[in-house]
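As provided, model.tsv (TSV, C-alpha atoms) reads as follows.
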```
chain	number	residue	atom	x	y	z
A	299	MET	CA	159.88	179.71	-109.15
A	300	THR	CA	156.71	181.33	-110.41
A	301	ALA	CA	156.22	185.07	-110.03
A	302	LYS	CA	153.07	186.20	-108.23
A	303	PRO	CA	150.71	188.47	-110.12
A	304	ASN	CA	151.15	192.12	-109.30
A	305	ARG	CA	147.90	193.42	-107.85
A	306	SER	CA	149.19	196.83	-106.95
A	307	GLY	CA	148.59	200.04	-108.83
A	308	ALA	CA	145.48	200.69	-110.91
A	309	GLY	CA	144.10	197.15	-110.50
A	310	ALA	CA	144.15	197.34	-106.73
A	311	PHE	CA	142.66	200.84	-106.82
A	312	PHE	CA	139.71	199.79	-108.97
A	313	ALA	CA	139.23	196.60	-106.94
A	314	GLY	CA	138.99	198.69	-103.78
A	315	LEU	CA	136.70	201.18	-105.48
A	316	LEU	CA	134.32	198.46	-106.60
A	317	ARG	CA	134.00	197.25	-103.01
A	318	HIS	CA	133.02	200.72	-101.78
A	319	GLN	CA	129.34	201.29	-100.95
A	320	ILE	CA	129.06	204.43	-103.03
A	321	MET	CA	129.70	202.41	-106.20
A	322	ILE	CA	126.18	201.01	-105.97
A	323	PRO	CA	124.29	204.31	-106.49
A	324	LEU	CA	127.04	205.50	-108.86
A	325	ALA	CA	126.53	202.42	-111.03
A	326	ALA	CA	122.76	203.01	-111.04
A	327	MET	CA	123.29	206.65	-112.00
A	328	LEU	CA	125.68	205.60	-114.78
A	329	LEU	CA	123.13	203.16	-116.21
A	330	LEU	CA	120.43	205.84	-116.27
A	331	THR	CA	122.85	208.30	-117.88
A	332	ILE	CA	123.84	205.81	-120.59
A	333	PHE	CA	120.14	205.17	-121.24
A	334	HIS	CA	119.46	208.87	-121.81
A	335	LEU	CA	122.56	209.30	-123.97
A	336	ILE	CA	121.15	206.60	-126.26
A	337	VAL	CA	117.45	207.46	-126.13
A	338	ASP	CA	117.18	211.20	-125.47
A	339	ARG	CA	120.22	213.43	-125.05
A	340	SER	CA	118.00	216.48	-124.60
A	341	PHE	CA	117.43	215.23	-121.04
A	342	PHE	CA	120.78	216.79	-120.13
A	343	SER	CA	120.13	220.18	-121.70
A	344	ILE	CA	120.14	223.10	-119.25
A	345	SER	CA	118.96	226.58	-120.14
A	346	LEU	CA	118.87	229.94	-118.38
A	347	MET	CA	115.37	231.42	-118.28
A	348	HIS	CA	113.42	233.96	-116.23
A	349	ASN	CA	110.75	233.00	-113.72
A	350	VAL	CA	107.49	234.86	-113.06
A	351	ASN	CA	109.37	237.38	-110.92
A	352	GLY	CA	111.83	238.15	-113.72
A	353	ASP	CA	114.79	236.46	-112.00
A	354	PRO	CA	117.20	234.32	-114.08
A	355	VAL	CA	116.93	230.64	-113.17
A	356	LEU	CA	118.37	227.40	-114.52
A	357	THR	CA	115.84	224.97	-115.98
A	358	GLY	CA	115.99	221.47	-117.40
A	359	SER	CA	115.43	217.85	-116.42
A	360	ILE	CA	118.69	217.61	-114.48
A	361	ILE	CA	117.76	220.77	-112.54
A	362	SER	CA	114.41	219.15	-111.76
A	363	VAL	CA	116.25	216.10	-110.40
A	364	ILE	CA	118.43	218.06	-107.98
A	365	ASP	CA	115.49	220.28	-107.03
A	366	SER	CA	112.82	217.66	-106.41
A	367	GLY	CA	115.29	215.18	-104.93
A	368	SER	CA	116.57	217.56	-102.27
A	369	GLU	CA	113.88	216.80	-99.68
A	370	LEU	CA	114.49	213.09	-100.21
A	371	ALA	CA	118.24	213.59	-99.77
A	372	ILE	CA	117.68	215.46	-96.49
A	373	LEU	CA	115.39	212.70	-95.23
A	374	ALA	CA	117.93	210.06	-96.28
A	375	ILE	CA	120.45	211.64	-93.89
A	376	GLY	CA	118.22	211.10	-90.85
A	377	MET	CA	116.82	207.78	-92.07
A	378	THR	CA	120.35	206.39	-92.48
A	379	LEU	CA	121.22	207.23	-88.89
A	380	VAL	CA	117.95	205.74	-87.58
A	381	THR	CA	118.48	202.58	-89.63
A	382	ALA	CA	122.06	202.21	-88.39
A	383	ALA	CA	121.17	202.65	-84.72
A	384	SER	CA	117.82	200.86	-84.46
A	385	GLY	CA	117.93	198.31	-87.27
A	386	GLY	CA	114.55	199.59	-88.45
A	387	GLN	CA	112.97	202.42	-90.38
A	388	ASP	CA	110.63	205.32	-89.63
A	389	ILE	CA	107.52	205.14	-91.83
A	390	SER	CA	105.97	208.29	-90.34
A	391	VAL	CA	108.25	210.92	-91.91
A	392	GLY	CA	105.61	211.93	-94.47
A	393	ALA	CA	103.09	212.56	-91.70
A	394	GLY	CA	105.82	214.35	-89.75
A	395	ILE	CA	106.39	216.70	-92.69
A	396	ALA	CA	102.65	217.42	-92.71
A	397	ILE	CA	102.74	218.25	-88.97
A	398	SER	CA	105.83	220.47	-89.15
A	399	GLY	CA	104.56	222.21	-92.29
A	400	SER	CA	101.19	222.84	-90.65
A	401	VAL	CA	102.88	224.28	-87.55
A	402	ILE	CA	105.04	226.58	-89.69
A	403	LEU	CA	102.00	227.89	-91.54
A	404	ARG	CA	100.05	228.35	-88.30
A	405	VAL	CA	102.84	230.50	-86.85
A	406	LEU	CA	103.13	232.55	-90.05
A	407	CYS	CA	99.37	233.00	-90.52
A	408	GLY	CA	98.22	233.27	-86.92
A	409	THR	CA	94.45	233.12	-86.61
A	410	ASN	CA	93.87	234.39	-90.15
A	411	PRO	CA	94.21	231.55	-92.72
A	412	SER	CA	95.20	234.02	-95.46
A	413	PRO	CA	96.81	237.15	-94.00
A	414	GLU	CA	98.18	239.97	-96.10
A	415	HIS	CA	101.44	239.93	-94.13
A	416	MET	CA	103.19	237.20	-92.17
A	417	GLN	CA	102.42	237.30	-88.48
A	418	ALA	CA	105.90	236.13	-87.39
A	419	PRO	CA	109.44	235.99	-88.84
A	420	ILE	CA	110.13	232.97	-91.02
A	421	ILE	CA	113.06	231.88	-88.84
A	422	VAL	CA	110.79	231.74	-85.78
A	423	ALA	CA	108.19	229.68	-87.64
A	424	PHE	CA	110.91	227.38	-88.94
A	425	LEU	CA	112.42	226.79	-85.49
A	426	ILE	CA	109.00	226.03	-84.00
A	427	GLY	CA	108.27	223.66	-86.88
A	428	CYS	CA	111.60	221.90	-86.24
A	429	LEU	CA	110.74	221.60	-82.55
A	430	ALA	CA	107.40	220.01	-83.45
A	431	ALA	CA	109.10	217.57	-85.84
A	432	ALA	CA	111.82	216.79	-83.27
A	433	ALA	CA	109.07	216.08	-80.71
A	434	CYS	CA	107.53	213.61	-83.16
A	435	GLY	CA	110.95	212.01	-83.60
A	436	ALA	CA	111.43	211.85	-79.83
A	437	PHE	CA	108.02	210.18	-79.46
A	438	ASN	CA	108.95	207.52	-82.01
A	439	GLY	CA	112.41	207.14	-80.52
A	440	ALA	CA	111.05	206.69	-76.99
A	441	LEU	CA	108.74	203.91	-78.14
A	442	VAL	CA	111.64	202.14	-79.84
A	443	ALA	CA	114.36	202.80	-77.26
A	444	PHE	CA	112.53	202.56	-73.93
A	445	PHE	CA	109.43	200.48	-74.72
A	446	ARG	CA	111.35	198.25	-77.16
A	447	LEU	CA	108.70	198.32	-79.88
A	448	GLN	CA	109.70	197.38	-83.40
A	449	PRO	CA	110.52	200.63	-85.28
A	450	MET	CA	107.92	200.02	-87.98
A	451	VAL	CA	105.23	199.30	-85.39
A	452	ALA	CA	106.22	202.29	-83.24
A	453	THR	CA	106.18	204.73	-86.16
A	454	LEU	CA	102.92	203.30	-87.48
A	455	ILE	CA	101.12	205.38	-84.81
A	456	LEU	CA	102.17	208.73	-86.28
A	457	PHE	CA	101.89	207.33	-89.80
A	458	THR	CA	98.19	206.75	-89.09
A	459	ALA	CA	97.38	209.81	-86.97
A	460	GLY	CA	99.94	212.38	-88.13
A	461	ARG	CA	97.99	213.95	-90.98
A	462	SER	CA	94.91	214.32	-88.80
A	463	ILE	CA	97.07	216.07	-86.21
A	464	ALA	CA	98.40	218.36	-88.94
A	465	ALA	CA	94.84	219.29	-89.96
A	466	TRP	CA	93.87	219.86	-86.31
A	467	VAL	CA	96.74	222.35	-85.87
A	468	ASN	CA	95.06	224.69	-88.36
A	469	ASN	CA	91.47	223.79	-87.45
A	470	ASN	CA	91.08	221.86	-90.75
A	471	ARG	CA	91.62	225.08	-92.70
A	472	LEU	CA	94.10	225.45	-95.55
A	473	PRO	CA	96.33	228.41	-94.62
A	474	VAL	CA	97.94	230.39	-97.42
A	475	VAL	CA	101.09	232.52	-97.17
A	476	ASN	CA	101.24	235.04	-100.00
A	477	ASP	CA	104.51	236.70	-99.00
A	478	ILE	CA	107.06	236.14	-101.77
A	479	GLU	CA	109.96	235.84	-99.29
A	480	PHE	CA	108.48	232.64	-97.89
A	481	LYS	CA	108.52	231.03	-101.33
A	482	TYR	CA	112.27	231.55	-101.70
A	483	PHE	CA	112.94	228.39	-99.65
A	484	GLY	CA	111.06	226.16	-102.08
A	485	GLY	CA	111.98	228.07	-105.22
A	486	TYR	CA	114.81	230.44	-106.08
A	487	ILE	CA	116.52	233.22	-104.18
A	488	PRO	CA	116.77	236.33	-106.41
A	489	GLY	CA	120.19	236.46	-108.05
A	490	ILE	CA	120.90	232.74	-107.46
A	491	PRO	CA	119.82	230.58	-110.45
A	492	ILE	CA	120.22	227.30	-108.53
A	493	PRO	CA	117.12	225.91	-106.72
A	494	THR	CA	117.17	226.81	-103.04
A	495	PRO	CA	116.19	223.29	-101.86
A	496	PHE	CA	119.41	221.96	-103.39
A	497	LEU	CA	121.45	224.56	-101.50
A	498	ILE	CA	119.63	223.64	-98.28
A	499	ALA	CA	120.42	219.96	-98.91
A	500	ILE	CA	124.11	220.82	-99.32
A	501	VAL	CA	124.08	222.73	-96.02
A	502	CYS	CA	122.37	219.80	-94.26
A	503	PHE	CA	124.95	217.37	-95.66
A	504	ILE	CA	127.86	219.57	-94.55
A	505	VAL	CA	126.40	219.94	-91.04
A	506	THR	CA	125.89	216.16	-90.83
A	507	TRP	CA	129.41	215.50	-92.11
A	508	ALA	CA	130.82	217.83	-89.44
A	509	MET	CA	128.70	216.14	-86.77
A	510	LEU	CA	129.93	212.68	-87.77
A	511	LYS	CA	133.50	213.94	-88.12
A	512	PHE	CA	133.84	215.75	-84.81
A	513	THR	CA	131.51	213.71	-82.59
A	514	ASN	CA	131.13	210.00	-81.92
A	515	ILE	CA	127.41	209.79	-82.72
A	516	GLY	CA	128.08	207.90	-85.98
A	517	LEU	CA	130.41	205.43	-84.30
A	518	TYR	CA	127.99	204.92	-81.42
A	519	ALA	CA	125.06	204.37	-83.81
A	520	GLN	CA	127.04	201.74	-85.70
A	521	ALA	CA	128.10	200.01	-82.47
A	522	VAL	CA	124.52	199.83	-81.18
A	523	GLY	CA	123.20	198.65	-84.55
A	524	ILE	CA	125.81	195.89	-84.84
A	525	ASN	CA	125.47	194.52	-81.30
A	526	GLU	CA	123.42	196.33	-78.67
A	527	LYS	CA	124.52	194.08	-75.79
A	528	THR	CA	128.21	194.50	-76.57
A	529	SER	CA	127.85	198.27	-76.89
A	530	ARG	CA	126.22	198.38	-73.45
A	531	LEU	CA	129.14	196.40	-71.98
A	532	ASN	CA	131.46	199.01	-73.48
A	533	GLY	CA	129.76	201.81	-71.57
A	534	LEU	CA	127.26	203.03	-74.18
A	535	ASN	CA	123.59	203.68	-73.53
A	536	PRO	CA	121.76	202.20	-76.54
A	537	ALA	CA	118.43	203.80	-75.58
A	538	VAL	CA	119.89	207.32	-75.58
A	539	ILE	CA	121.68	206.74	-78.88
A	540	LYS	CA	118.51	205.46	-80.57
A	541	LEU	CA	116.51	208.38	-79.18
A	542	THR	CA	119.14	210.82	-80.48
A	543	ALA	CA	118.99	209.26	-83.95
A	544	TYR	CA	115.21	209.68	-84.10
A	545	VAL	CA	115.43	213.29	-82.92
A	546	ILE	CA	117.99	214.04	-85.67
A	547	LEU	CA	115.62	212.48	-88.20
A	548	GLY	CA	112.89	214.72	-86.76
A	549	LEU	CA	115.02	217.80	-87.42
A	550	CYS	CA	115.51	216.64	-91.02
A	551	VAL	CA	111.72	216.28	-91.27
A	552	GLY	CA	111.32	219.87	-90.00
A	553	VAL	CA	113.61	221.17	-92.76
A	554	CYS	CA	111.58	219.25	-95.35
A	555	GLY	CA	108.37	220.70	-93.90
A	556	LEU	CA	109.67	224.21	-94.59
A	557	ILE	CA	110.65	223.34	-98.17
A	558	LYS	CA	107.41	221.53	-98.97
A	559	THR	CA	105.12	224.30	-97.70
A	560	SER	CA	107.30	227.00	-99.24
A	561	ARG	CA	106.95	225.49	-102.71
A	562	VAL	CA	103.22	226.28	-102.88
A	563	GLY	CA	102.77	228.65	-99.94
A	564	SER	CA	100.11	226.36	-98.49
A	565	ILE	CA	99.50	222.74	-97.50
A	566	ASN	CA	97.30	219.81	-98.49
A	567	TYR	CA	97.28	217.54	-95.47
A	568	SER	CA	96.44	214.32	-97.31
A	569	VAL	CA	98.83	214.80	-100.24
A	570	ILE	CA	101.93	216.58	-98.92
A	571	ALA	CA	104.98	214.27	-98.88
A	572	LYS	CA	102.79	211.28	-99.69
A	573	ASP	CA	104.82	208.03	-99.86
A	574	ILE	CA	108.10	209.92	-99.37
A	575	GLU	CA	108.99	207.56	-96.51
A	576	MET	CA	109.17	204.65	-98.95
A	577	ASP	CA	111.56	206.54	-101.23
A	578	ALA	CA	113.69	207.52	-98.21
A	579	ILE	CA	114.00	203.87	-97.18
A	580	LEU	CA	114.85	202.88	-100.75
A	581	ALA	CA	117.53	205.58	-100.84
A	582	VAL	CA	119.14	204.06	-97.75
A	583	ALA	CA	118.98	200.58	-99.28
A	584	LEU	CA	120.28	201.78	-102.63
A	585	GLY	CA	123.20	203.33	-100.80
A	586	GLY	CA	124.28	199.80	-99.86
A	587	ASN	CA	123.41	200.20	-96.18
A	588	ALA	CA	122.16	197.17	-94.29
A	589	LEU	CA	118.53	197.74	-93.29
A	590	SER	CA	119.18	195.61	-90.22
A	591	GLY	CA	121.50	198.27	-88.80
A	592	GLY	CA	125.22	198.74	-88.25
A	593	LYS	CA	127.80	200.22	-90.59
A	594	PHE	CA	126.54	202.94	-92.92
A	595	SER	CA	127.64	205.41	-95.59
A	596	MET	CA	125.87	208.78	-95.42
A	597	SER	CA	127.20	209.98	-98.78
A	598	ALA	CA	125.98	206.78	-100.49
A	599	SER	CA	122.49	207.28	-99.01
A	600	VAL	CA	122.32	210.91	-100.19
A	601	LEU	CA	123.47	209.90	-103.67
A	602	GLY	CA	120.92	207.08	-103.59
A	603	ALA	CA	118.18	209.65	-102.91
A	604	TYR	CA	119.10	211.59	-106.04
A	605	VAL	CA	119.22	208.33	-108.02
A	606	ILE	CA	115.65	207.61	-106.92
A	607	GLN	CA	114.59	211.06	-108.14
A	608	TYR	CA	116.65	210.58	-111.33
A	609	LEU	CA	114.66	207.42	-111.99
A	610	THR	CA	111.34	209.15	-111.25
A	611	THR	CA	112.12	212.04	-113.60
A	612	THR	CA	113.23	209.55	-116.26
A	613	LEU	CA	109.89	207.75	-116.07
A	614	TYR	CA	108.02	211.05	-116.38
A	615	SER	CA	110.12	211.94	-119.44
A	616	LEU	CA	109.04	208.65	-121.02
A	617	ASN	CA	105.38	209.66	-120.53
A	618	VAL	CA	104.73	206.87	-118.04
A	619	ARG	CA	101.39	207.34	-116.33
A	620	PRO	CA	101.76	208.70	-112.77
A	621	ALA	CA	99.73	205.79	-111.39
A	622	ALA	CA	102.19	203.31	-112.89
A	623	ILE	CA	105.41	205.04	-111.85
A	624	SER	CA	105.54	203.34	-108.45
A	625	ALA	CA	105.37	199.92	-110.10
A	626	TYR	CA	108.21	200.74	-112.53
A	627	LYS	CA	110.31	202.19	-109.72
A	628	ALA	CA	109.71	199.11	-107.60
A	629	VAL	CA	110.94	196.76	-110.35
A	630	VAL	CA	114.07	198.80	-111.08
A	631	VAL	CA	114.92	199.40	-107.44
A	632	ILE	CA	114.43	195.71	-106.57
A	633	LEU	CA	116.94	194.79	-109.29
A	634	LEU	CA	119.42	197.37	-108.02
A	635	VAL	CA	119.02	196.35	-104.38
A	636	VAL	CA	119.35	192.64	-105.22
A	637	CYS	CA	122.51	193.33	-107.21
A	638	SER	CA	123.89	195.29	-104.27
A	639	ALA	CA	123.11	192.57	-101.73
A	640	PRO	CA	126.17	191.29	-99.81
A	641	ALA	CA	125.64	187.72	-101.04
A	642	VAL	CA	125.55	188.84	-104.68
A	643	ARG	CA	128.61	191.07	-104.24
A	644	GLU	CA	130.48	188.25	-102.54
A	645	LYS	CA	129.64	185.88	-105.39
A	646	PHE	CA	130.79	188.47	-107.92
A	647	SER	CA	134.01	188.98	-105.96
A	648	ARG	CA	134.72	185.23	-106.01
A	649	LEU	CA	134.14	185.11	-109.76
A	650	MET	CA	136.55	188.00	-110.26
A	651	LYS	CA	139.18	186.25	-108.16
A	652	LYS	CA	138.80	183.07	-110.19
A	653	ALA	CA	139.07	185.07	-113.40
A	654	ARG	CA	142.28	186.72	-112.19
A	655	ALA	CA	143.67	183.39	-111.00
A	656	GLY	CA	143.08	181.90	-114.44
A	657	LYS	CA	145.29	184.50	-116.14
A	658	PRO	CA	148.95	183.64	-116.92
A	659	SER	CA	151.09	184.74	-113.98
A	660	GLY	CA	154.39	184.92	-115.84
A	661	SER	CA	157.32	182.60	-116.18
A	662	ALA	CA	159.98	181.64	-113.67
A	663	ALA	CA	162.95	183.91	-113.31
```

Show me this structure written as structure tokens.
Amino acid sequence: MTAKPNRSGAGAFFAGLLRHQIMIPLAAMLLLTIFHLIVDRSFFSISLMHNVNGDPVLTGSIISVIDSGSELAILAIGMTLVTAASGGQDISVGAGIAISGSVILRVLCGTNPSPEHMQAPIIVAFLIGCLAAAACGAFNGALVAFFRLQPMVATLILFTAGRSIAAWVNNNRLPVVNDIEFKYFGGYIPGIPIPTPFLIAIVCFIVTWAMLKFTNIGLYAQAVGINEKTSRLNGLNPAVIKLTAYVILGLCVGVCGLIKTSRVGSINYSVIAKDIEMDAILAVALGGNALSGGKFSMSASVLGAYVIQYLTTTLYSLNVRPAAISAYKAVVVILLVVCSAPAVREKFSRLMKKARAGKPSGSAA
């Protein structure tokens, strides 16, 4: 009688861990970290300095990653839910950020493009900006859910017209908010050396985790994404679930609009959040989520967003020309996404099983 190999314990733990979605962005992050440990260890140096206002702040390449990647992480939360429910992606989030940011600045500035004092409380401007972004999300969601347009076609409308709408909100003027309190949301809060956008991203993730934990929206989105007809037979309303997912993405866009405009205290309609929708989609893919909809991992998507920013900051540190960064990112991300494809993972799993089966299993008792 031959004893069966014992697959319990550490081996089973690591085998299960390797099958988890979050291992994909973690592996990518590990590769980038190993690269910097070999090429340039100063990438990980963090120092405490003082900003122009005399407040102590943390600086360094890693701080830049968590700071600049925060908007992308927030967008990845909403994009993951939209992808899971509709089996498609929203390519208008950059234009949506321009609209919500323009609305926020219009409320703060009023009729004067550069007032000495804000004309409304920041919280009021933020809530109105979120409402505008949620309305954009509802528009996209209605086209997808009720008119059954393909998500990319439906969102192409705002992708094309959104920035013009943003400019129209402020009569093609470039409003400027000089109040220092407004810039806290895109910079640093006095006494807190960590970038505020990163703290906002943490809050958004916690709120989303609580929503998925204590409501069924995540389960419903997965059910609709996997099989819409079956979910309808089980009493769900796929149209309402898709619409809800797009509205949630709209709220994420509104938060990003606040951060983006707060960073500079103004807005450039044609440049703000340019191409961020592509990075958000890549973050979802890098998180191991199927772009055709269904099961998803929110934490893997958020981590994937920071990996995308990690890669971008790495390319800048290597003095890669800005015009060429997109090409380098595309090559690297394609490799990562291909390696994370279900067919590739299944092939790798079979090879691992064959390797384990080839090992001596012990002698008979």

Using only C-alpha atoms, give me every residue within 12 Å of (122.1, 223.8, -105.3) in file coordinates, as number ranges by chain. A: 355-356, 360-368, 483-487, 490-503

Listed atoms of region 381-384 of chain A, axis-aligned box, 5 Å per side: centre and edge lengths to one decimal in Å, as AutoDock Vina command-line options?
```
--center_x 119.9 --center_y 201.8 --center_z -87.0 --size_x 14.2 --size_y 11.8 --size_z 15.2
```

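If only C-alpha atoms are the atoms counted, then among A:Ala396, A:Val545, A:Met327, A:Ile426 the closest residue to Ser568 (chain A) is A:Ala396.
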
Find the residues near Lys593 (chain A): any atom within 10 Å, counting only C-alpha atoms, skip ones fewer than 6 places away on the same chain, and give them as a PDB file with C-alpha atoms, in the coordinates of the input.
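Just written: around_13.pdb:
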```
ATOM      1  CA  THR A 378     120.350 206.390 -92.480  1.00  0.00           C
ATOM      2  CA  LEU A 379     121.220 207.230 -88.890  1.00  0.00           C
ATOM      3  CA  THR A 381     118.480 202.580 -89.630  1.00  0.00           C
ATOM      4  CA  ALA A 382     122.060 202.210 -88.390  1.00  0.00           C
ATOM      5  CA  ALA A 383     121.170 202.650 -84.720  1.00  0.00           C
ATOM      6  CA  GLY A 516     128.080 207.900 -85.980  1.00  0.00           C
ATOM      7  CA  LEU A 517     130.410 205.430 -84.300  1.00  0.00           C
ATOM      8  CA  ALA A 519     125.060 204.370 -83.810  1.00  0.00           C
ATOM      9  CA  GLN A 520     127.040 201.740 -85.700  1.00  0.00           C
ATOM     10  CA  ALA A 521     128.100 200.010 -82.470  1.00  0.00           C
ATOM     11  CA  VAL A 522     124.520 199.830 -81.180  1.00  0.00           C
ATOM     12  CA  GLY A 523     123.200 198.650 -84.550  1.00  0.00           C
ATOM     13  CA  ILE A 524     125.810 195.890 -84.840  1.00  0.00           C
ATOM     14  CA  GLY A 586     124.280 199.800 -99.860  1.00  0.00           C
ATOM     15  CA  ASN A 587     123.410 200.200 -96.180  1.00  0.00           C
TER      16      ASN A 587
END
```

Pick from A:Ser340, A:Thr559, A:Ser345, A:Gln607, whichever lies nearest to Lys481 (chain A) using only C-alpha atoms: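 Among the listed residues, the smallest separation from Lys481 (chain A) belongs to A:Thr559.
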
From (119.2, 207.8, -90.9), in the file's coordinates, out to 10 Å: which residues are reached, counting only C-alpha atoms? Answer as a VMD selection string. chain A and resid 372 to 384 386 to 388 519 543 to 544 546 to 547 550 578 to 579 582 594 to 596 599

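Proximity of A:Ala423, A:Ala371, A:Ala418, A:Ile463 to Asp577 (chain A), computed with all atoms listed in the file, is greatest for A:Ala371.
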
Could you tell me how far CA of Arg530 (chain A) lies from CA of Ala440 (chain A), in Å and to one decimal?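 About the pair CA of Arg530 (chain A) and CA of Ala440 (chain A): they are 17.7 Å apart.
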
Residue contacts of Gly439 (chain A) (12 Å, only C-alpha atoms) excluding same-chain residues fewer than 2 positions away, as a PyMOL selection string: chain A and resi 380-381+383-384+386-388+390+432-437+441-453+456+536-548

Show which residues sit within 9 Å of Ala393 (chain A), as a PyMOL selection string. Count only C-alpha atoms, and ignore same-chain residues fewer than 3 positions away. chain A and resi 389-390+396-398+456-464+567-568+570-572

Taking only C-alpha atoms into account, which of A:Leu613, A:Leu549, A:Val605, A:Ser597 comes nearest His318 (chain A)?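 When distances to His318 (chain A) are compared using only C-alpha atoms, the smallest one comes from A:Ser597.
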
Given all atoms listed in the file as the counted atoms, nearest of A:Thr357, A:His348, A:Lys527, A:Leu556 to Pro488 (chain A): A:His348

Any idea what the distance is between CA of Ser343 (chain A) and CA of Tyr482 (chain A)?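 According to the coordinates, CA of Ser343 (chain A) and CA of Tyr482 (chain A) are separated by 24.3 Å.
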
Please indicate the distance in Å from CA of Gln319 (chain A) to CA of Leu633 (chain A), rounded to one decimal place.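 Calculated distance between CA of Gln319 (chain A) and CA of Leu633 (chain A) is 16.3 Å.
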
Which is closest to Leu324 (chain A) among A:Leu601, A:Ile421, A:Ile455, A:Val618, if we use only C-alpha atoms?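 The answer is A:Leu601, which sits nearest to Leu324 (chain A).
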
Please reconstruct the missing atoms of region 553-568 of chain A (target: N, CA and C atoms) and return them as an mmCIF file, in the frame of the given file.
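And here's out17.cif as it stands now:
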```cif
data_model
loop_
_atom_site.group_PDB
_atom_site.id
_atom_site.type_symbol
_atom_site.label_atom_id
_atom_site.label_comp_id
_atom_site.auth_asym_id
_atom_site.auth_seq_id
_atom_site.Cartn_x
_atom_site.Cartn_y
_atom_site.Cartn_z
ATOM 1 N N VAL A 553 113.050 220.448 -91.605
ATOM 2 C CA VAL A 553 113.610 221.170 -92.760
ATOM 3 C C VAL A 553 112.776 220.881 -94.006
ATOM 4 N N CYS A 554 112.411 219.614 -94.192
ATOM 5 C CA CYS A 554 111.580 219.250 -95.350
ATOM 6 C C CYS A 554 110.199 219.887 -95.274
ATOM 7 N N GLY A 555 109.671 220.037 -94.060
ATOM 8 C CA GLY A 555 108.370 220.700 -93.900
ATOM 9 C C GLY A 555 108.410 222.128 -94.389
ATOM 10 N N LEU A 556 109.506 222.828 -94.110
ATOM 11 C CA LEU A 556 109.670 224.210 -94.590
ATOM 12 C C LEU A 556 109.710 224.237 -96.119
ATOM 13 N N ILE A 557 110.510 223.345 -96.712
ATOM 14 C CA ILE A 557 110.650 223.340 -98.170
ATOM 15 C C ILE A 557 109.329 223.001 -98.850
ATOM 16 N N LYS A 558 108.651 221.978 -98.345
ATOM 17 C CA LYS A 558 107.410 221.530 -98.970
ATOM 18 C C LYS A 558 106.334 222.619 -98.935
ATOM 19 N N THR A 559 106.145 223.262 -97.794
ATOM 20 C CA THR A 559 105.120 224.300 -97.700
ATOM 21 C C THR A 559 105.530 225.557 -98.461
ATOM 22 N N SER A 560 106.825 225.816 -98.527
ATOM 23 C CA SER A 560 107.300 227.000 -99.240
ATOM 24 C C SER A 560 107.079 226.881 -100.743
ATOM 25 N N ARG A 561 107.108 225.679 -101.260
ATOM 26 C CA ARG A 561 106.950 225.490 -102.710
ATOM 27 C C ARG A 561 105.614 226.051 -103.222
ATOM 28 N N VAL A 562 104.556 225.851 -102.439
ATOM 29 C CA VAL A 562 103.220 226.280 -102.880
ATOM 30 C C VAL A 562 102.628 227.361 -101.985
ATOM 31 N N GLY A 563 103.280 227.643 -100.858
ATOM 32 C CA GLY A 563 102.770 228.650 -99.940
ATOM 33 C C GLY A 563 101.555 228.197 -99.164
ATOM 34 N N SER A 564 101.270 226.894 -99.197
ATOM 35 C CA SER A 564 100.110 226.360 -98.490
ATOM 36 C C SER A 564 100.375 224.884 -98.187
ATOM 37 N N ILE A 565 99.328 224.147 -97.849
ATOM 38 C CA ILE A 565 99.500 222.740 -97.500
ATOM 39 C C ILE A 565 98.227 221.973 -97.833
ATOM 40 N N ASN A 566 98.404 220.752 -98.318
ATOM 41 C CA ASN A 566 97.300 219.810 -98.490
ATOM 42 C C ASN A 566 97.623 218.624 -97.599
ATOM 43 N N TYR A 567 96.906 218.483 -96.505
ATOM 44 C CA TYR A 567 97.280 217.540 -95.470
ATOM 45 C C TYR A 567 97.346 216.087 -95.958
ATOM 46 N N SER A 568 96.495 215.713 -96.871
ATOM 47 C CA SER A 568 96.440 214.320 -97.310
ATOM 48 C C SER A 568 97.416 214.004 -98.440
#
```
